[in-house]
file entry32.csv (CSV, C-alpha atoms)
chain,number,residue,atom,x,y,z
A,1,MET,CA,-5.9,-44.2,-35.5
A,2,THR,CA,-5.9,-42.8,-32.0
A,3,ALA,CA,-3.0,-43.5,-29.6
A,4,LYS,CA,-2.9,-43.3,-25.8
A,5,THR,CA,0.0,-43.0,-23.4
A,6,HIS,CA,1.5,-46.0,-21.6
A,7,SER,CA,4.4,-46.1,-19.2
A,8,THR,CA,7.7,-48.0,-19.6
A,9,PRO,CA,10.1,-49.3,-16.9
A,10,GLN,CA,12.5,-46.5,-18.0
A,11,ASN,CA,9.8,-43.9,-16.9
A,12,LEU,CA,9.4,-42.9,-20.5
A,13,GLN,CA,5.8,-42.3,-21.4
A,14,VAL,CA,5.5,-43.8,-24.9
A,15,ILE,CA,2.3,-42.7,-26.7
A,16,TYR,CA,2.9,-44.5,-30.0
A,17,GLU,CA,5.5,-46.7,-31.6
A,18,ASP,CA,5.9,-48.5,-34.9
A,19,ASN,CA,8.8,-49.5,-37.1
A,20,HIS,CA,9.2,-45.9,-38.3
A,21,ILE,CA,8.5,-43.5,-35.4
A,22,ILE,CA,8.3,-43.3,-31.7
A,23,VAL,CA,6.3,-40.7,-29.9
A,24,ILE,CA,7.0,-39.6,-26.3
A,25,ASN,CA,5.1,-37.6,-23.7
A,26,LYS,CA,8.0,-35.3,-22.6
A,27,ARG,CA,8.3,-34.3,-19.0
A,28,PRO,CA,9.0,-30.7,-18.1
A,29,GLY,CA,12.7,-30.1,-17.5
A,30,ASP,CA,13.8,-32.7,-20.1
A,31,ILE,CA,15.8,-31.3,-23.1
A,32,VAL,CA,14.9,-32.9,-26.4
A,33,GLN,CA,18.4,-32.7,-27.8
A,34,GLY,CA,21.8,-32.1,-26.3
A,35,ASP,CA,22.9,-28.5,-25.5
A,36,LYS,CA,25.6,-26.7,-23.6
A,37,THR,CA,24.3,-27.8,-20.2
A,38,GLY,CA,25.6,-31.3,-20.8
A,39,ASP,CA,22.5,-32.8,-19.3
A,40,THR,CA,21.3,-36.1,-20.7
A,41,PRO,CA,18.8,-35.3,-23.5
A,42,LEU,CA,15.6,-37.1,-24.2
A,43,ASN,CA,16.8,-38.4,-27.5
A,44,GLU,CA,19.6,-40.3,-25.8
A,45,VAL,CA,17.2,-41.7,-23.2
A,46,VAL,CA,14.9,-43.0,-26.0
A,47,LYS,CA,17.9,-44.5,-27.9
A,48,HIS,CA,18.8,-46.4,-24.7
A,49,PHE,CA,15.2,-47.5,-24.3
A,50,LEU,CA,15.1,-48.9,-27.9
A,51,LYS,CA,18.5,-50.5,-27.6
A,52,ASN,CA,17.4,-52.4,-24.5
A,53,LYS,CA,13.8,-53.2,-25.8
A,54,TYR,CA,15.0,-54.8,-29.0
A,55,ASN,CA,18.5,-56.0,-27.9
A,56,LYS,CA,20.1,-53.9,-30.6
A,57,PRO,CA,23.8,-54.2,-31.2
A,58,GLY,CA,25.8,-51.1,-31.8
A,59,ASN,CA,24.4,-47.6,-32.1
A,60,VAL,CA,20.7,-46.9,-32.4
A,61,TYR,CA,19.5,-44.4,-35.0
A,62,LEU,CA,17.0,-41.7,-33.8
A,63,GLY,CA,16.2,-38.5,-35.7
A,64,VAL,CA,14.8,-35.3,-34.2
A,65,PRO,CA,12.3,-33.6,-36.5
A,66,HIS,CA,11.0,-31.1,-34.0
A,67,ARG,CA,11.5,-29.9,-30.4
A,68,LEU,CA,9.8,-28.5,-27.3
A,69,ASP,CA,11.1,-25.9,-24.9
A,70,ARG,CA,12.8,-27.4,-21.9
A,71,PRO,CA,10.2,-26.3,-19.3
A,72,THR,CA,7.3,-27.4,-21.6
A,73,SER,CA,5.8,-30.9,-21.5
A,74,GLY,CA,4.0,-33.0,-24.0
A,75,ILE,CA,4.2,-34.7,-27.4
A,76,VAL,CA,7.5,-35.2,-29.1
A,77,VAL,CA,8.0,-37.3,-32.3
A,78,PHE,CA,11.2,-39.1,-33.1
A,79,ALA,CA,12.2,-40.8,-36.4
A,80,LYS,CA,13.5,-44.4,-36.0
A,81,THR,CA,15.0,-44.6,-39.4
A,82,SER,CA,17.0,-42.2,-41.6
A,83,LYS,CA,14.5,-42.8,-44.4
A,84,VAL,CA,11.6,-41.4,-42.4
A,85,LEU,CA,13.4,-38.4,-40.9
A,86,PRO,CA,13.3,-36.1,-44.0
A,87,ARG,CA,9.6,-37.0,-44.5
A,88,LEU,CA,8.9,-35.9,-40.9
A,89,ASN,CA,11.1,-32.8,-41.3
A,90,LYS,CA,9.0,-31.8,-44.3
A,91,LEU,CA,5.8,-32.6,-42.5
A,92,PHE,CA,6.7,-30.2,-39.6
A,93,ALA,CA,8.3,-27.6,-41.9
A,94,GLU,CA,5.2,-27.4,-44.1
A,95,LYS,CA,2.9,-27.2,-41.0
A,96,SER,CA,1.0,-30.3,-42.1
A,97,ALA,CA,0.9,-31.5,-38.5
A,98,LYS,CA,-1.9,-30.0,-36.4
A,99,LYS,CA,-0.6,-29.0,-33.0
A,100,THR,CA,-2.8,-28.3,-30.0
A,101,TYR,CA,-1.5,-27.0,-26.7
A,102,TRP,CA,-2.9,-26.4,-23.3
A,103,ALA,CA,-1.7,-23.3,-21.3
A,104,VAL,CA,-2.7,-22.3,-17.8
A,105,VAL,CA,-2.8,-18.5,-17.3
A,106,LYS,CA,-3.7,-16.3,-14.4
A,107,ASN,CA,-5.3,-13.4,-16.2
A,108,SER,CA,-8.5,-13.8,-18.2
A,109,PRO,CA,-7.7,-13.1,-21.9
A,110,PRO,CA,-9.5,-10.2,-23.7
A,111,LYS,CA,-11.8,-12.5,-25.5
A,112,LYS,CA,-13.1,-16.1,-25.0
A,113,GLN,CA,-11.5,-17.1,-28.3
A,114,GLU,CA,-9.4,-15.2,-30.8
A,115,GLU,CA,-6.8,-15.4,-33.5
A,116,LEU,CA,-3.5,-13.7,-32.5
A,117,SER,CA,-1.2,-12.3,-35.1
A,118,HIS,CA,2.2,-10.8,-34.1
A,119,TRP,CA,5.6,-10.3,-35.6
A,120,LEU,CA,8.2,-12.1,-33.4
A,121,LYS,CA,11.8,-11.0,-33.2
A,122,ARG,CA,14.2,-13.3,-31.5
A,123,ASN,CA,17.0,-12.1,-29.2
A,124,PRO,CA,19.6,-15.0,-29.2
A,125,LYS,CA,21.6,-13.6,-26.3
A,126,GLN,CA,18.5,-13.6,-24.1
A,127,ASN,CA,17.0,-16.7,-25.7
A,128,LYS,CA,13.8,-14.8,-25.9
A,129,SER,CA,11.4,-13.6,-28.6
A,130,TYR,CA,9.5,-10.3,-28.5
A,131,ALA,CA,6.1,-9.8,-30.0
A,132,HIS,CA,5.3,-6.7,-32.2
A,133,ARG,CA,2.0,-5.6,-33.7
A,134,LYS,CA,3.7,-4.5,-36.9
A,135,GLU,CA,6.6,-5.9,-38.9
A,136,VAL,CA,10.0,-5.0,-37.7
A,137,PRO,CA,13.4,-5.9,-39.2
A,138,GLU,CA,14.3,-9.6,-38.8
A,139,SER,CA,10.9,-10.5,-37.4
A,140,LYS,CA,8.7,-13.4,-38.5
A,141,LEU,CA,4.9,-13.6,-38.6
A,142,ALA,CA,3.4,-15.7,-35.8
A,143,ILE,CA,-0.2,-16.8,-35.8
A,144,LEU,CA,-2.2,-18.9,-33.3
A,145,THR,CA,-5.8,-19.2,-32.2
A,146,TYR,CA,-6.8,-19.7,-28.5
A,147,LYS,CA,-10.0,-20.4,-26.7
A,148,VAL,CA,-10.8,-20.5,-23.0
A,149,VAL,CA,-11.9,-24.1,-22.2
A,150,LYS,CA,-12.1,-24.0,-18.4
A,151,LYS,CA,-12.2,-21.5,-15.5
A,152,LEU,CA,-10.1,-22.8,-12.6
A,153,THR,CA,-10.2,-21.4,-9.1
A,154,ASN,CA,-7.4,-18.9,-9.7
A,155,TYR,CA,-6.5,-19.6,-13.3
A,156,HIS,CA,-7.8,-20.1,-16.8
A,157,LEU,CA,-7.1,-23.0,-19.1
A,158,LEU,CA,-6.5,-22.1,-22.7
A,159,GLU,CA,-6.5,-24.4,-25.7
A,160,ILE,CA,-4.2,-23.2,-28.4
A,161,ASP,CA,-3.9,-24.2,-32.1
A,162,LEU,CA,-0.6,-23.2,-33.7
A,163,LYS,CA,-0.7,-21.9,-37.2
A,164,THR,CA,3.0,-21.2,-37.4
A,165,GLY,CA,6.0,-22.5,-35.4
A,166,ARG,CA,8.2,-19.7,-34.1
A,167,HIS,CA,10.7,-19.6,-31.3
A,168,HIS,CA,8.8,-19.4,-28.0
A,169,GLN,CA,5.7,-18.4,-30.0
A,170,ILE,CA,2.9,-19.3,-27.5
A,171,ARG,CA,4.8,-17.8,-24.6
A,172,ALA,CA,5.6,-14.6,-26.3
A,173,GLN,CA,2.2,-14.1,-27.8
A,174,LEU,CA,0.2,-14.8,-24.6
A,175,HIS,CA,2.5,-12.4,-22.7
A,176,ALA,CA,1.8,-9.8,-25.3
A,177,ILE,CA,-1.9,-9.9,-24.5
A,178,GLY,CA,-1.3,-9.9,-20.7
A,179,CYS,CA,-1.7,-13.6,-20.2
A,180,ALA,CA,1.6,-14.9,-19.1
A,181,ILE,CA,1.8,-18.7,-18.6
A,182,LYS,CA,1.9,-19.9,-15.0
A,183,GLY,CA,5.5,-20.3,-13.9
A,184,ASP,CA,7.0,-18.6,-16.9
A,185,LEU,CA,9.2,-15.9,-15.4
A,186,LYS,CA,10.9,-15.2,-18.7
A,187,TYR,CA,7.6,-14.1,-20.2
A,188,GLY,CA,6.1,-12.1,-17.4
A,189,PHE,CA,4.7,-14.5,-14.7
A,190,ASP,CA,5.4,-13.2,-11.2
A,191,ARG,CA,6.8,-16.4,-9.7
A,192,SER,CA,8.3,-19.7,-10.9
A,193,ASN,CA,7.0,-23.2,-10.4
A,194,LYS,CA,9.0,-25.1,-7.8
A,195,ASP,CA,10.2,-27.7,-10.4
A,196,GLY,CA,11.2,-25.1,-13.0
A,197,SER,CA,8.4,-26.1,-15.3
A,198,ILE,CA,5.8,-23.8,-16.9
A,199,HIS,CA,2.2,-24.8,-17.4
A,200,LEU,CA,2.4,-25.2,-21.2
A,201,HIS,CA,1.7,-28.7,-22.6
A,202,ALA,CA,1.7,-30.1,-26.1
A,203,TYR,CA,-1.6,-31.8,-25.7
A,204,LYS,CA,-2.6,-33.2,-29.1
A,205,LEU,CA,-0.9,-33.8,-32.5
A,206,SER,CA,-2.4,-35.1,-35.6
A,207,PHE,CA,-0.8,-35.8,-39.0
A,208,VAL,CA,-0.8,-38.3,-41.8
A,209,HIS,CA,1.8,-41.1,-41.1
A,210,PRO,CA,4.7,-40.4,-43.5
A,211,VAL,CA,5.0,-44.1,-44.4
A,212,LYS,CA,1.7,-45.8,-43.7
A,213,LYS,CA,-0.3,-42.8,-45.1
A,214,GLU,CA,-3.0,-43.2,-42.4
A,215,SER,CA,-4.2,-40.4,-40.1
A,216,LEU,CA,-2.6,-40.5,-36.7
A,217,PHE,CA,-4.2,-38.8,-33.7
A,218,LEU,CA,-2.0,-38.5,-30.6
A,219,GLU,CA,-2.9,-37.2,-27.2
A,220,ALA,CA,-0.8,-36.8,-24.0
A,221,ARG,CA,-2.0,-36.1,-20.5
A,222,PRO,CA,-0.3,-33.2,-18.7
A,223,PRO,CA,2.1,-33.8,-15.8
A,224,LYS,CA,0.6,-34.9,-12.5
A,225,ASP,CA,0.0,-31.8,-10.4
A,226,PRO,CA,-3.0,-30.2,-8.7
A,227,ILE,CA,-3.6,-27.5,-11.3
A,228,TRP,CA,-3.2,-29.8,-14.3
A,229,ASP,CA,-5.4,-32.3,-12.6
A,230,ALA,CA,-8.1,-29.7,-12.2
A,231,CYS,CA,-8.1,-29.2,-15.9
A,232,TYR,CA,-9.9,-32.6,-16.4

call {"tool": "encode", "arguments": {"input": "entry32.csv", "output": "structure tokens"}}
result
Amino acid sequence: MTAKTHSTPQNLQVIYEDNHIIVINKRPGDIVQGDKTGDTPLNEVVKHFLKNKYNKPGNVYLGVPHRLDRPTSGIVVFAKTSKVLPRLNKLFAEKSAKKTYWAVVKNSPPKKQEELSHWLKRNPKQNKSYAHRKEVPESKLAILTYKVVKKLTNYHLLEIDLKTGRHHQIRAQLHAIGCAIKGDLKYGFDRSNKDGSIHLHAYKLSFVHPVKKESLFLEARPPKDPIWDACY
């Protein structure tokens, strides 16, 4: 089954919904779950949407099996029932979901396509991860593959398949090979995007539905801007 994005009156981009899950195309700048900023998180917006759509009394249940960084856009899956949440948690924990990202970088990578393997060590105070070629204390192995899919006027579009799911993995690993993501000041790009976003987008996600047991193929178009538009 292949799902496409459609818009709602609440400006949510709903990619797919059934009785068990709802999948959103997250905008850059949205936080998936509440944090110390106190900003309204995406999960609360989706709860409000579901409450209004189905005229639900009382509180609406919504589980969060995975997240995206705040400046990143793209596919986020939510659980609509407490029964399906642990199944989704397991699916993401065991890397049974295939995640494909798009990233726009200024510098051409060393090769047209490559598997990158680093040891990432997280610094919680900086909310940043550092990529090492060899294992260091408290580091975790991070693996991804990338390929250059388009040459833009001043940038390159990379398609990335994640093999592991580490903190800031794509951002840290691309920075380690000299390919900082456009707008990503934290990981070496020279200037920020005006809206605070970075050009990293969770583009595709495929997995076997945890209840229906059918293959689900999800795709989310990147945000509207001249550079993302040039990627099509």

call {"tool": "residues_around", "arguments": {"input": "entry32.csv", "residues": "Leu200 of chain A", "least_positions_apart": "4", "cutoff": "9 Å", "atoms": "only C-alpha atoms", "output": "ChimeraX atom specification"}}
result
/A:71-74,101-104,170-171,181-182,222

call {"tool": "closest_residue", "arguments": {"input": "entry32.csv", "among": "A:Ala142, A:Ile15, A:Val84, A:Leu218", "to": "Leu174 of chain A", "atoms": "all atoms listed in the file"}}
result
A:Ala142

call {"tool": "residues_around", "arguments": {"input": "entry32.csv", "residues": "Asp161 of chain A", "least_positions_apart": "5", "cutoff": "6 Å", "atoms": "only C-alpha atoms", "output": "mmCIF file with C-alpha atoms, in the coordinates of the input"}}
result
data_model
loop_
_atom_site.group_PDB
_atom_site.id
_atom_site.type_symbol
_atom_site.label_atom_id
_atom_site.label_comp_id
_atom_site.auth_asym_id
_atom_site.auth_seq_id
_atom_site.Cartn_x
_atom_site.Cartn_y
_atom_site.Cartn_z
ATOM 1 C CA LYS A 99 -0.600 -29.000 -33.000
ATOM 2 C CA THR A 100 -2.800 -28.300 -30.000
ATOM 3 C CA LEU A 144 -2.200 -18.900 -33.300
ATOM 4 C CA THR A 145 -5.800 -19.200 -32.200
#

call {"tool": "closest_residue", "arguments": {"input": "entry32.csv", "among": "A:Asn107, A:Asn11, A:Ser96, A:Asn52", "to": "Phe207 of chain A", "atoms": "all atoms listed in the file"}}
result
A:Ser96

call {"tool": "atom_distance", "arguments": {"input": "entry32.csv", "atom1": "atom CA of Ile31 of chain A", "atom2": "atom CA of Phe78 of chain A"}}
result
13.5 Å

call {"tool": "closest_residue", "arguments": {"input": "entry32.csv", "among": "A:Ser129, A:Asn193, A:Ser139, A:Asn43", "to": "Ala79 of chain A", "atoms": "only C-alpha atoms"}}
result
A:Asn43

call {"tool": "closest_residue", "arguments": {"input": "entry32.csv", "among": "A:Tyr146, A:Trp228, A:Tyr16, A:Tyr187", "to": "Asn127 of chain A", "atoms": "all atoms listed in the file"}}
result
A:Tyr187

call {"tool": "residues_near_point", "arguments": {"input": "entry32.csv", "point": "(9.8, -53.1, -36.3)", "cutoff": "12 Å", "atoms": "all atoms listed in the file", "output": "NGL selection string"}}
result
:A and (17-22 or 50 or 53-54 or 56 or 80-81)

call {"tool": "closest_residue", "arguments": {"input": "entry32.csv", "among": "A:Pro210, A:Gly196, A:Gly34, A:Pro223", "to": "Lys83 of chain A", "atoms": "only C-alpha atoms"}}
result
A:Pro210

call {"tool": "closest_residue", "arguments": {"input": "entry32.csv", "among": "A:Pro86, A:Gly165, A:Gly178, A:Gly38", "to": "Pro110 of chain A", "atoms": "all atoms listed in the file"}}
result
A:Gly178

call {"tool": "atom_distance", "arguments": {"input": "entry32.csv", "atom1": "atom CA of Leu152 of chain A", "atom2": "atom CA of Glu219 of chain A"}}
result
21.7 Å

call {"tool": "residues_near_point", "arguments": {"input": "entry32.csv", "point": "(-0.6, -16.0, -8.6)", "cutoff": "8 Å", "atoms": "all atoms listed in the file", "output": "short mmCIF file (atom, residue, chain, number, x, y, z; two decimals) with C-alpha atoms, in the frame of the given file"}}
result
data_model
loop_
_atom_site.label_atom_id
_atom_site.label_comp_id
_atom_site.auth_asym_id
_atom_site.auth_seq_id
_atom_site.Cartn_x
_atom_site.Cartn_y
_atom_site.Cartn_z
CA LYS A 106 -3.70 -16.30 -14.40
CA ASN A 154 -7.40 -18.90 -9.70
CA LYS A 182 1.90 -19.90 -15.00
CA ASP A 190 5.40 -13.20 -11.20
CA ARG A 191 6.80 -16.40 -9.70
#

call {"tool": "residues_around", "arguments": {"input": "entry32.csv", "residues": "Asn59 of chain A", "least_positions_apart": "6", "cutoff": "10 Å", "atoms": "all atoms listed in the file", "output": "ChimeraX atom specification"}}
result
/A:47-48,51

call {"tool": "residues_around", "arguments": {"input": "entry32.csv", "residues": "Ile227 of chain A", "least_positions_apart": "3", "cutoff": "9 Å", "atoms": "all atoms listed in the file", "output": "list of chain:residue names"}}
result
A:Val104, A:Leu152, A:Tyr155, A:His199, A:Lys224, A:Ala230, A:Cys231

call {"tool": "write_last_selection", "arguments": {"input": "entry32.csv", "atoms": "C-alpha atoms", "output": "compact mmCIF listing (two decimals), in the coordinates of the input"}}
result
# COMPACT_ATOMS: atom_id res chain seq x y z
CA VAL A 104 -2.70 -22.30 -17.80
CA LEU A 152 -10.10 -22.80 -12.60
CA TYR A 155 -6.50 -19.60 -13.30
CA HIS A 199 2.20 -24.80 -17.40
CA LYS A 224 0.60 -34.90 -12.50
CA ALA A 230 -8.10 -29.70 -12.20
CA CYS A 231 -8.10 -29.20 -15.90

call {"tool": "residues_around", "arguments": {"input": "entry32.csv", "residues": "Ala97 of chain A", "least_positions_apart": "5", "cutoff": "9 Å", "atoms": "only C-alpha atoms", "output": "ChimeraX atom specification"}}
result
/A:91-92,205-208

call {"tool": "atom_distance", "arguments": {"input": "entry32.csv", "atom1": "atom CA of His132 of chain A", "atom2": "atom CA of His175 of chain A"}}
result
11.4 Å

call {"tool": "decode", "arguments": {"input": "entry32.csv", "residues": "segment 179-206 of chain A", "atoms": "N, CA and C atoms", "output": "mmCIF file, in the first residue's frame"}}
result
data_model
loop_
_atom_site.group_PDB
_atom_site.id
_atom_site.type_symbol
_atom_site.label_atom_id
_atom_site.label_comp_id
_atom_site.auth_asym_id
_atom_site.auth_seq_id
_atom_site.Cartn_x
_atom_site.Cartn_y
_atom_site.Cartn_z
ATOM 1 N N CYS A 179 30.510 17.436 4.739
ATOM 2 C CA CYS A 179 29.272 17.717 3.999
ATOM 3 C C CYS A 179 28.169 18.171 4.950
ATOM 4 N N ALA A 180 28.388 19.284 5.628
ATOM 5 C CA ALA A 180 27.375 19.804 6.543
ATOM 6 C C ALA A 180 26.083 20.105 5.789
ATOM 7 N N ILE A 181 24.957 19.867 6.450
ATOM 8 C CA ILE A 181 23.638 20.075 5.858
ATOM 9 C C ILE A 181 23.311 21.564 5.838
ATOM 10 N N LYS A 182 22.708 22.015 4.737
ATOM 11 C CA LYS A 182 22.376 23.436 4.606
ATOM 12 C C LYS A 182 21.566 23.916 5.810
ATOM 13 N N GLY A 183 22.023 25.008 6.412
ATOM 14 C CA GLY A 183 21.343 25.618 7.551
ATOM 15 C C GLY A 183 21.722 25.062 8.901
ATOM 16 N N ASP A 184 22.532 23.992 8.940
ATOM 17 C CA ASP A 184 22.828 23.307 10.203
ATOM 18 C C ASP A 184 24.084 23.889 10.868
ATOM 19 N N LEU A 185 23.914 25.014 11.549
ATOM 20 C CA LEU A 185 25.032 25.676 12.225
ATOM 21 C C LEU A 185 25.698 24.766 13.246
ATOM 22 N N LYS A 186 24.902 23.982 13.948
ATOM 23 C CA LYS A 186 25.439 23.108 14.993
ATOM 24 C C LYS A 186 26.443 22.117 14.430
ATOM 25 N N TYR A 187 26.242 21.710 13.203
ATOM 26 C CA TYR A 187 27.128 20.715 12.591
ATOM 27 C C TYR A 187 27.871 21.273 11.371
ATOM 28 N N GLY A 188 28.324 22.531 11.504
ATOM 29 C CA GLY A 188 29.346 23.026 10.597
ATOM 30 C C GLY A 188 28.932 23.834 9.395
ATOM 31 N N PHE A 189 27.618 24.047 9.163
ATOM 32 C CA PHE A 189 27.269 24.889 8.025
ATOM 33 C C PHE A 189 27.524 26.344 8.395
ATOM 34 N N ASP A 190 27.869 27.184 7.406
ATOM 35 C CA ASP A 190 28.357 28.528 7.726
ATOM 36 C C ASP A 190 27.267 29.550 8.022
ATOM 37 N N ARG A 191 26.016 29.252 7.680
ATOM 38 C CA ARG A 191 24.949 30.196 8.022
ATOM 39 C C ARG A 191 23.632 29.438 8.198
ATOM 40 N N SER A 192 22.753 30.044 8.971
ATOM 41 C CA SER A 192 21.478 29.383 9.268
ATOM 42 C C SER A 192 20.458 29.697 8.188
ATOM 43 N N ASN A 193 19.424 28.872 8.106
ATOM 44 C CA ASN A 193 18.265 29.201 7.287
ATOM 45 C C ASN A 193 17.410 30.224 8.029
ATOM 46 N N LYS A 194 16.743 31.091 7.297
ATOM 47 C CA LYS A 194 15.982 32.179 7.925
ATOM 48 C C LYS A 194 14.926 31.671 8.893
ATOM 49 N N ASP A 195 14.329 30.519 8.571
ATOM 50 C CA ASP A 195 13.254 29.996 9.434
ATOM 51 C C ASP A 195 13.770 29.054 10.517
ATOM 52 N N GLY A 196 15.093 28.901 10.633
ATOM 53 C CA GLY A 196 15.660 28.026 11.664
ATOM 54 C C GLY A 196 15.656 26.553 11.294
ATOM 55 N N SER A 197 15.194 26.231 10.092
ATOM 56 C CA SER A 197 15.173 24.840 9.655
ATOM 57 C C SER A 197 16.552 24.398 9.196
ATOM 58 N N ILE A 198 16.694 23.110 8.950
ATOM 59 C CA ILE A 198 17.842 22.600 8.217
ATOM 60 C C ILE A 198 17.294 21.785 7.044
ATOM 61 N N HIS A 199 18.089 21.640 5.996
ATOM 62 C CA HIS A 199 17.604 20.925 4.815
ATOM 63 C C HIS A 199 17.841 19.419 4.959
ATOM 64 N N LEU A 200 17.153 18.860 5.948
ATOM 65 C CA LEU A 200 17.131 17.412 6.182
ATOM 66 C C LEU A 200 15.672 16.998 6.314
ATOM 67 N N HIS A 201 15.269 16.017 5.539
ATOM 68 C CA HIS A 201 13.860 15.660 5.436
ATOM 69 C C HIS A 201 13.690 14.147 5.441
ATOM 70 N N ALA A 202 12.833 13.660 6.345
ATOM 71 C CA ALA A 202 12.491 12.232 6.384
ATOM 72 C C ALA A 202 11.516 11.963 5.249
ATOM 73 N N TYR A 203 12.037 11.473 4.139
ATOM 74 C CA TYR A 203 11.335 11.453 2.862
ATOM 75 C C TYR A 203 10.452 10.221 2.682
ATOM 76 N N LYS A 204 10.976 9.051 3.021
ATOM 77 C CA LYS A 204 10.223 7.805 2.835
ATOM 78 C C LYS A 204 10.334 6.920 4.075
ATOM 79 N N LEU A 205 9.305 6.148 4.302
ATOM 80 C CA LEU A 205 9.306 5.171 5.387
ATOM 81 C C LEU A 205 8.485 3.972 4.940
ATOM 82 N N SER A 206 9.031 2.795 5.100
ATOM 83 C CA SER A 206 8.266 1.585 4.771
ATOM 84 C C SER A 206 8.401 0.572 5.903
#
